[in-house]
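K.L.:
What follows is a structure written as structure tokens; I'll ask about it next.
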Amino acid sequence: MRILGTFLLFWVVAACSPCQSEAQNWQTYKNARFGFHFKFPTKNFAPVGEAANNDGQVFETSDGQAQIVAYGSYNALEHTPKSYLQWMKAESSQLEEVTYERAARDWIVVSGFVGQNVYYQKTIFSCFGEVMNSLVLVYPISQKPIFDPMVGPIAKSLSPGLGYGTPTDCR
């Protein structure tokens with residue numbers, strides 16, 4: 001029994017070692033104004049500058065070919081997730097071809113192509129729908145094998161929060 005326990009402990013430590021090194025390569029960005037946060041892989045992306053009005057940050061690869069744009073905004077047009085998704089498809093010059101879309105109770109996801117780039121956006125509605133927290137990832141189609149596996153973990157880590165620009169009763 002002791003040998004089995006030792007073997008299991010060794011296996012767990014060995015299996016988790018890559019996980020720990022991967023976790024150390026991810027960093028959390030938190031936006032002070034809108035309070036949202038998400039994780040990004042520092043091996044691939046680096047911050048290139050906070051917006052002057054503190055509503056977000058741009059992250060780029062060292063060659064500048066791939067980007068994450070993270071920002072918060074007030075829902076001035078009082079969109080619901082469904083109406084925002086429809087507005088994006090009708091009005092946005094960003095989306096040339098939509099390949100996936102989904103609107104839920106308090107978020108939307110849309111992905112597709114813009115020229116020779118993959119486009120992915122997730123927006124979470126928070127503060128009773130008054131605030132929109134968004135992540136946009138853009139990367140070359142030719143680099144899909146590199147960036148596609150990152151999209152899910154990055155998008156899933158997006159969470160709304162409290163910031164100095166959110167209502168005090170924000171949820």
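Letters A, B, ... mark the chains of the structure tokens in the order given; residue numbers begin at 1 per chain; ligand numbers begin at 1, in order shown.
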Check the DSSP output for the backbone and give back, as a ChimeraX atom specification, the residues of chain A in alpha helix (DSSP H).
P.N.:
/A:2-24,81-91,144-157
K.L.:
Kindly export the residues of the current selection with C-alpha atoms, as an mmCIF file, in the first residue's frame.
P.N.:
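Writing done, so here's selection.cif:
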data_model
loop_
_atom_site.group_PDB
_atom_site.id
_atom_site.type_symbol
_atom_site.label_atom_id
_atom_site.label_comp_id
_atom_site.auth_asym_id
_atom_site.auth_seq_id
_atom_site.Cartn_x
_atom_site.Cartn_y
_atom_site.Cartn_z
ATOM 1 C CA ARG A 2 2.849 2.374 0.839
ATOM 2 C CA ILE A 3 4.412 1.751 -2.597
ATOM 3 C CA LEU A 4 1.082 2.526 -4.311
ATOM 4 C CA GLY A 5 0.775 5.773 -2.316
ATOM 5 C CA THR A 6 4.325 6.807 -3.215
ATOM 6 C CA PHE A 7 3.682 5.984 -6.873
ATOM 7 C CA LEU A 8 0.470 8.037 -6.909
ATOM 8 C CA LEU A 9 2.181 10.996 -5.253
ATOM 9 C CA PHE A 10 5.032 10.844 -7.798
ATOM 10 C CA TRP A 11 2.536 10.632 -10.677
ATOM 11 C CA VAL A 12 0.501 13.617 -9.439
ATOM 12 C CA VAL A 13 3.616 15.782 -8.971
ATOM 13 C CA ALA A 14 5.011 14.772 -12.374
ATOM 14 C CA ALA A 15 1.687 15.386 -14.102
ATOM 15 C CA CYS A 16 1.241 18.811 -12.493
ATOM 16 C CA SER A 17 4.745 20.135 -13.141
ATOM 17 C CA PRO A 18 3.870 21.314 -16.672
ATOM 18 C CA CYS A 19 0.650 22.792 -15.282
ATOM 19 C CA GLN A 20 2.597 24.873 -12.788
ATOM 20 C CA SER A 21 5.004 26.183 -15.406
ATOM 21 C CA GLU A 22 2.088 26.993 -17.710
ATOM 22 C CA ALA A 23 0.248 28.770 -14.887
ATOM 23 C CA GLN A 24 3.320 30.882 -14.228
ATOM 24 C CA PRO A 81 -26.933 40.886 -25.404
ATOM 25 C CA LYS A 82 -29.161 39.856 -28.304
ATOM 26 C CA SER A 83 -29.620 43.400 -29.650
ATOM 27 C CA TYR A 84 -25.892 44.099 -29.282
ATOM 28 C CA LEU A 85 -25.016 41.007 -31.288
ATOM 29 C CA GLN A 86 -27.444 42.047 -34.032
ATOM 30 C CA TRP A 87 -26.063 45.594 -33.994
ATOM 31 C CA MET A 88 -22.489 44.286 -34.257
ATOM 32 C CA LYS A 89 -23.320 42.171 -37.295
ATOM 33 C CA ALA A 90 -25.204 44.998 -39.011
ATOM 34 C CA GLU A 91 -23.004 47.984 -38.155
ATOM 35 C CA LYS A 144 -4.651 29.398 -35.975
ATOM 36 C CA PRO A 145 -2.763 26.351 -34.617
ATOM 37 C CA ILE A 146 -0.883 28.644 -32.227
ATOM 38 C CA PHE A 147 -3.701 30.927 -31.055
ATOM 39 C CA ASP A 148 -6.905 28.854 -31.316
ATOM 40 C CA PRO A 149 -6.041 26.827 -28.167
ATOM 41 C CA MET A 150 -5.603 30.062 -26.191
ATOM 42 C CA VAL A 151 -8.935 31.626 -27.111
ATOM 43 C CA GLY A 152 -11.053 29.459 -24.793
ATOM 44 C CA PRO A 153 -8.957 29.920 -21.638
ATOM 45 C CA ILE A 154 -8.565 33.656 -22.248
ATOM 46 C CA ALA A 155 -12.284 34.160 -22.907
ATOM 47 C CA LYS A 156 -13.385 31.980 -19.984
ATOM 48 C CA SER A 157 -11.223 34.001 -17.612
#
K.L.:
Got a sec: who's within 8 Å of Gln27 in chain A, counting only C-alpha atoms, leaving out chain neighbours fewer than 3 positions off, as a PDB file with all heavy atoms, in the first residue's frame?
P.N.:
ATOM      1  N   GLN A  24       2.423  29.770 -14.482  1.00  0.00           N
ATOM      2  CA  GLN A  24       3.320  30.882 -14.228  1.00  0.00           C
ATOM      3  C   GLN A  24       3.487  31.771 -15.457  1.00  0.00           C
ATOM      4  O   GLN A  24       3.942  32.892 -15.346  1.00  0.00           O
ATOM      5  CB  GLN A  24       4.682  30.360 -13.773  1.00  0.00           C
ATOM      6  CG  GLN A  24       4.621  29.714 -12.406  1.00  0.00           C
ATOM      7  CD  GLN A  24       5.918  29.022 -12.040  1.00  0.00           C
ATOM      8  OE1 GLN A  24       6.830  28.911 -12.844  1.00  0.00           O
ATOM      9  NE2 GLN A  24       5.997  28.546 -10.810  1.00  0.00           N
ATOM     10  N   LYS A  39      -7.206  36.659 -17.767  1.00  0.00           N
ATOM     11  CA  LYS A  39      -5.840  36.132 -17.798  1.00  0.00           C
ATOM     12  C   LYS A  39      -5.362  36.044 -19.244  1.00  0.00           C
ATOM     13  O   LYS A  39      -6.142  35.727 -20.139  1.00  0.00           O
ATOM     14  CB  LYS A  39      -5.778  34.763 -17.143  1.00  0.00           C
ATOM     15  CG  LYS A  39      -6.064  34.826 -15.663  1.00  0.00           C
ATOM     16  CD  LYS A  39      -5.937  33.478 -15.021  1.00  0.00           C
ATOM     17  CE  LYS A  39      -6.228  33.649 -13.538  1.00  0.00           C
ATOM     18  NZ  LYS A  39      -6.011  32.438 -12.801  1.00  0.00           N
ATOM     19  N   PHE A  40      -4.068  36.305 -19.414  1.00  0.00           N
ATOM     20  CA  PHE A  40      -3.473  36.216 -20.749  1.00  0.00           C
ATOM     21  C   PHE A  40      -2.103  35.556 -20.649  1.00  0.00           C
ATOM     22  O   PHE A  40      -1.431  35.651 -19.623  1.00  0.00           O
ATOM     23  CB  PHE A  40      -3.361  37.607 -21.395  1.00  0.00           C
ATOM     24  CG  PHE A  40      -2.412  38.528 -20.705  1.00  0.00           C
ATOM     25  CD1 PHE A  40      -1.106  38.678 -21.156  1.00  0.00           C
ATOM     26  CD2 PHE A  40      -2.807  39.263 -19.586  1.00  0.00           C
ATOM     27  CE1 PHE A  40      -0.218  39.528 -20.521  1.00  0.00           C
ATOM     28  CE2 PHE A  40      -1.931  40.115 -18.945  1.00  0.00           C
ATOM     29  CZ  PHE A  40      -0.629  40.248 -19.414  1.00  0.00           C
ATOM     30  N   PRO A  41      -1.692  34.857 -21.713  1.00  0.00           N
ATOM     31  CA  PRO A  41      -0.398  34.184 -21.685  1.00  0.00           C
ATOM     32  C   PRO A  41       0.744  35.163 -21.958  1.00  0.00           C
ATOM     33  O   PRO A  41       0.852  35.727 -23.048  1.00  0.00           O
ATOM     34  CB  PRO A  41      -0.519  33.139 -22.796  1.00  0.00           C
ATOM     35  CG  PRO A  41      -1.525  33.709 -23.738  1.00  0.00           C
ATOM     36  CD  PRO A  41      -2.467  34.532 -22.911  1.00  0.00           C
ATOM     37  N   THR A  42       1.595  35.369 -20.969  1.00  0.00           N
ATOM     38  CA  THR A  42       2.701  36.322 -21.115  1.00  0.00           C
ATOM     39  C   THR A  42       3.764  35.824 -22.090  1.00  0.00           C
ATOM     40  O   THR A  42       4.562  36.620 -22.581  1.00  0.00           O
ATOM     41  CB  THR A  42       3.355  36.610 -19.754  1.00  0.00           C
ATOM     42  OG1 THR A  42       3.805  35.379 -19.185  1.00  0.00           O
ATOM     43  CG2 THR A  42       2.373  37.291 -18.826  1.00  0.00           C
TER      44      THR A  42
END
K.L.:
What lies within 8 Å of range 130-134 of chain A using only C-alpha atoms, ignoring chain neighbours under 4 positions off, as a ChimeraX atom specification?
P.N.:
/A:34,36,69-76,78,121-126,160,166
K.L.:
List the spatial neighbours of Glu101 in chain A as JSON, numbers by chain - criterion: any atom at most 7 Å away, only C-alpha atoms, same-chain residues fewer than 3 positions off excluded.
P.N.:
{"A": [109, 110, 111]}
K.L.:
Skip Tyr164 in chain A itself and residues of its chain fewer than 5 positions away, then list as a ChimeraX atom specification all residues within 12 Å of it, counting only C-alpha atoms.
P.N.:
/A:31-36,54-55,72,169-170
K.L.:
How about saving the chosen residues, all heavy atoms kept, as an mmCIF file, in the first residue's frame?
P.N.:
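Listed below is the output, again.cif:
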data_model
loop_
_atom_site.group_PDB
_atom_site.id
_atom_site.type_symbol
_atom_site.label_atom_id
_atom_site.label_comp_id
_atom_site.auth_asym_id
_atom_site.auth_seq_id
_atom_site.Cartn_x
_atom_site.Cartn_y
_atom_site.Cartn_z
ATOM 1 N N ASN A 31 -8.729 45.853 -14.880
ATOM 2 C CA ASN A 31 -8.994 47.225 -15.286
ATOM 3 C C ASN A 31 -9.530 48.001 -14.081
ATOM 4 O O ASN A 31 -10.531 47.613 -13.474
ATOM 5 C CB ASN A 31 -10.008 47.237 -16.427
ATOM 6 C CG ASN A 31 -10.342 48.628 -16.876
ATOM 7 O OD1 ASN A 31 -11.300 49.221 -16.400
ATOM 8 N ND2 ASN A 31 -9.547 49.160 -17.779
ATOM 9 N N ALA A 32 -8.865 49.101 -13.743
ATOM 10 C CA ALA A 32 -9.239 49.882 -12.566
ATOM 11 C C ALA A 32 -10.574 50.599 -12.745
ATOM 12 O O ALA A 32 -11.365 50.699 -11.811
ATOM 13 C CB ALA A 32 -8.148 50.899 -12.242
ATOM 14 N N ARG A 33 -10.848 51.097 -13.952
ATOM 15 C CA ARG A 33 -12.058 51.887 -14.165
ATOM 16 C C ARG A 33 -13.325 51.040 -14.130
ATOM 17 O O ARG A 33 -14.297 51.376 -13.459
ATOM 18 C CB ARG A 33 -11.959 52.628 -15.499
ATOM 19 C CG ARG A 33 -13.167 53.496 -15.781
ATOM 20 C CD ARG A 33 -13.006 54.273 -17.063
ATOM 21 N NE ARG A 33 -14.184 55.091 -17.331
ATOM 22 C CZ ARG A 33 -14.422 55.674 -18.476
ATOM 23 N NH1 ARG A 33 -13.550 55.572 -19.470
ATOM 24 N NH2 ARG A 33 -15.498 56.393 -18.647
ATOM 25 N N PHE A 34 -13.336 49.925 -14.878
ATOM 26 C CA PHE A 34 -14.545 49.105 -14.968
ATOM 27 C C PHE A 34 -14.481 47.840 -14.125
ATOM 28 O O PHE A 34 -15.479 47.143 -13.984
ATOM 29 C CB PHE A 34 -14.861 48.773 -16.424
ATOM 30 C CG PHE A 34 -15.347 49.967 -17.183
ATOM 31 C CD1 PHE A 34 -14.506 50.648 -18.052
ATOM 32 C CD2 PHE A 34 -16.638 50.445 -17.039
ATOM 33 C CE1 PHE A 34 -14.940 51.767 -18.755
ATOM 34 C CE2 PHE A 34 -17.090 51.562 -17.723
ATOM 35 C CZ PHE A 34 -16.241 52.224 -18.584
ATOM 36 N N GLY A 35 -13.330 47.526 -13.579
ATOM 37 C CA GLY A 35 -13.197 46.414 -12.654
ATOM 38 C C GLY A 35 -13.100 45.031 -13.273
ATOM 39 O O GLY A 35 -12.886 44.056 -12.562
ATOM 40 N N PHE A 36 -13.246 44.896 -14.574
ATOM 41 C CA PHE A 36 -13.172 43.566 -15.187
ATOM 42 C C PHE A 36 -11.727 43.066 -15.156
ATOM 43 O O PHE A 36 -10.780 43.826 -15.018
ATOM 44 C CB PHE A 36 -13.698 43.586 -16.632
ATOM 45 C CG PHE A 36 -12.821 44.308 -17.609
ATOM 46 C CD1 PHE A 36 -11.794 43.649 -18.273
ATOM 47 C CD2 PHE A 36 -13.011 45.661 -17.870
ATOM 48 C CE1 PHE A 36 -10.979 44.318 -19.178
ATOM 49 C CE2 PHE A 36 -12.204 46.338 -18.766
ATOM 50 C CZ PHE A 36 -11.179 45.663 -19.419
ATOM 51 N N ASN A 54 -8.495 55.158 -19.435
ATOM 52 C CA ASN A 54 -8.448 53.994 -18.541
ATOM 53 C C ASN A 54 -9.557 52.982 -18.770
ATOM 54 O O ASN A 54 -9.885 52.217 -17.870
ATOM 55 C CB ASN A 54 -8.449 54.429 -17.069
ATOM 56 C CG ASN A 54 -7.199 55.160 -16.693
ATOM 57 O OD1 ASN A 54 -6.112 54.833 -17.172
ATOM 58 N ND2 ASN A 54 -7.333 56.169 -15.864
ATOM 59 N N ASP A 55 -10.131 52.953 -19.975
ATOM 60 C CA ASP A 55 -11.186 51.971 -20.197
ATOM 61 C C ASP A 55 -10.668 50.622 -20.667
ATOM 62 O O ASP A 55 -11.428 49.667 -20.751
ATOM 63 C CB ASP A 55 -12.266 52.502 -21.145
ATOM 64 C CG ASP A 55 -11.773 52.705 -22.562
ATOM 65 O OD1 ASP A 55 -10.575 52.535 -22.835
ATOM 66 O OD2 ASP A 55 -12.613 53.038 -23.421
ATOM 67 N N GLY A 72 -13.719 48.152 -21.243
ATOM 68 C CA GLY A 72 -15.036 48.296 -20.669
ATOM 69 C C GLY A 72 -15.686 49.532 -21.260
ATOM 70 O O GLY A 72 -15.004 50.442 -21.745
ATOM 71 N N ASP A 169 -23.615 49.745 -6.697
ATOM 72 C CA ASP A 169 -24.431 48.537 -6.505
ATOM 73 C C ASP A 169 -24.246 47.548 -7.659
ATOM 74 O O ASP A 169 -25.091 46.699 -7.901
ATOM 75 C CB ASP A 169 -25.903 48.897 -6.327
ATOM 76 C CG ASP A 169 -26.500 49.565 -7.554
ATOM 77 O OD1 ASP A 169 -25.737 49.983 -8.453
ATOM 78 O OD2 ASP A 169 -27.726 49.676 -7.623
ATOM 79 N N CYS A 170 -23.142 47.664 -8.346
ATOM 80 C CA CYS A 170 -22.864 46.813 -9.510
ATOM 81 C C CYS A 170 -22.813 45.339 -9.132
ATOM 82 O O CYS A 170 -22.199 44.960 -8.156
ATOM 83 C CB CYS A 170 -21.515 47.237 -10.111
ATOM 84 S SG CYS A 170 -21.073 46.320 -11.583
#
K.L.:
Tell me, in Å to one decimal, how far CA of Ser142 in chain A is from CA of Phe45 in chain A.
P.N.:
17.4 Å
K.L.:
Using only C-alpha atoms, which of A:Lys43, A:His37, A:His79, A:Lys30 sits nearest Phe128 in chain A?
P.N.:
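Smallest separation from Phe128 in chain A among the options: A:His79.
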K.L.:
Hey, which of A:Val138, A:Glu60, A:Gln116, A:Cys127 ends up closest to Gly163 in chain A? Count only C-alpha atoms.
P.N.:
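Looking at the shortest contact to Gly163 in chain A, the residue is A:Cys127.
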K.L.:
Between A:Tyr29, A:Gly115, A:Leu137, A:Arg171, which one has atoms that come closest to Glu50 in chain A, using only C-alpha atoms?
P.N.:
A:Tyr29
K.L.:
Counting only C-alpha atoms, figure out which residue out of A:Phe38, A:Leu135, A:Asn44, A:Trp26 gets nearest to Leu158 in chain A.
P.N.:
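For Leu158 in chain A, the nearest of the candidates is A:Phe38.
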K.L.:
Kindly give the distance, in Å, that separates CA of Leu77 in chain A and CA of Ala104 in chain A, rounded to a single decimal.
P.N.:
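Between CA of Leu77 in chain A and CA of Ala104 in chain A the gap works out to 18.3 Å.
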K.L.:
Using only C-alpha atoms, which residue out of A:Gln143, A:Ser159, A:Gln65, A:Thr28 lies closest to Asp106 in chain A?
P.N.:
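Looking only at the distances to Asp106 in chain A, the closest residue turns out to be A:Ser159.
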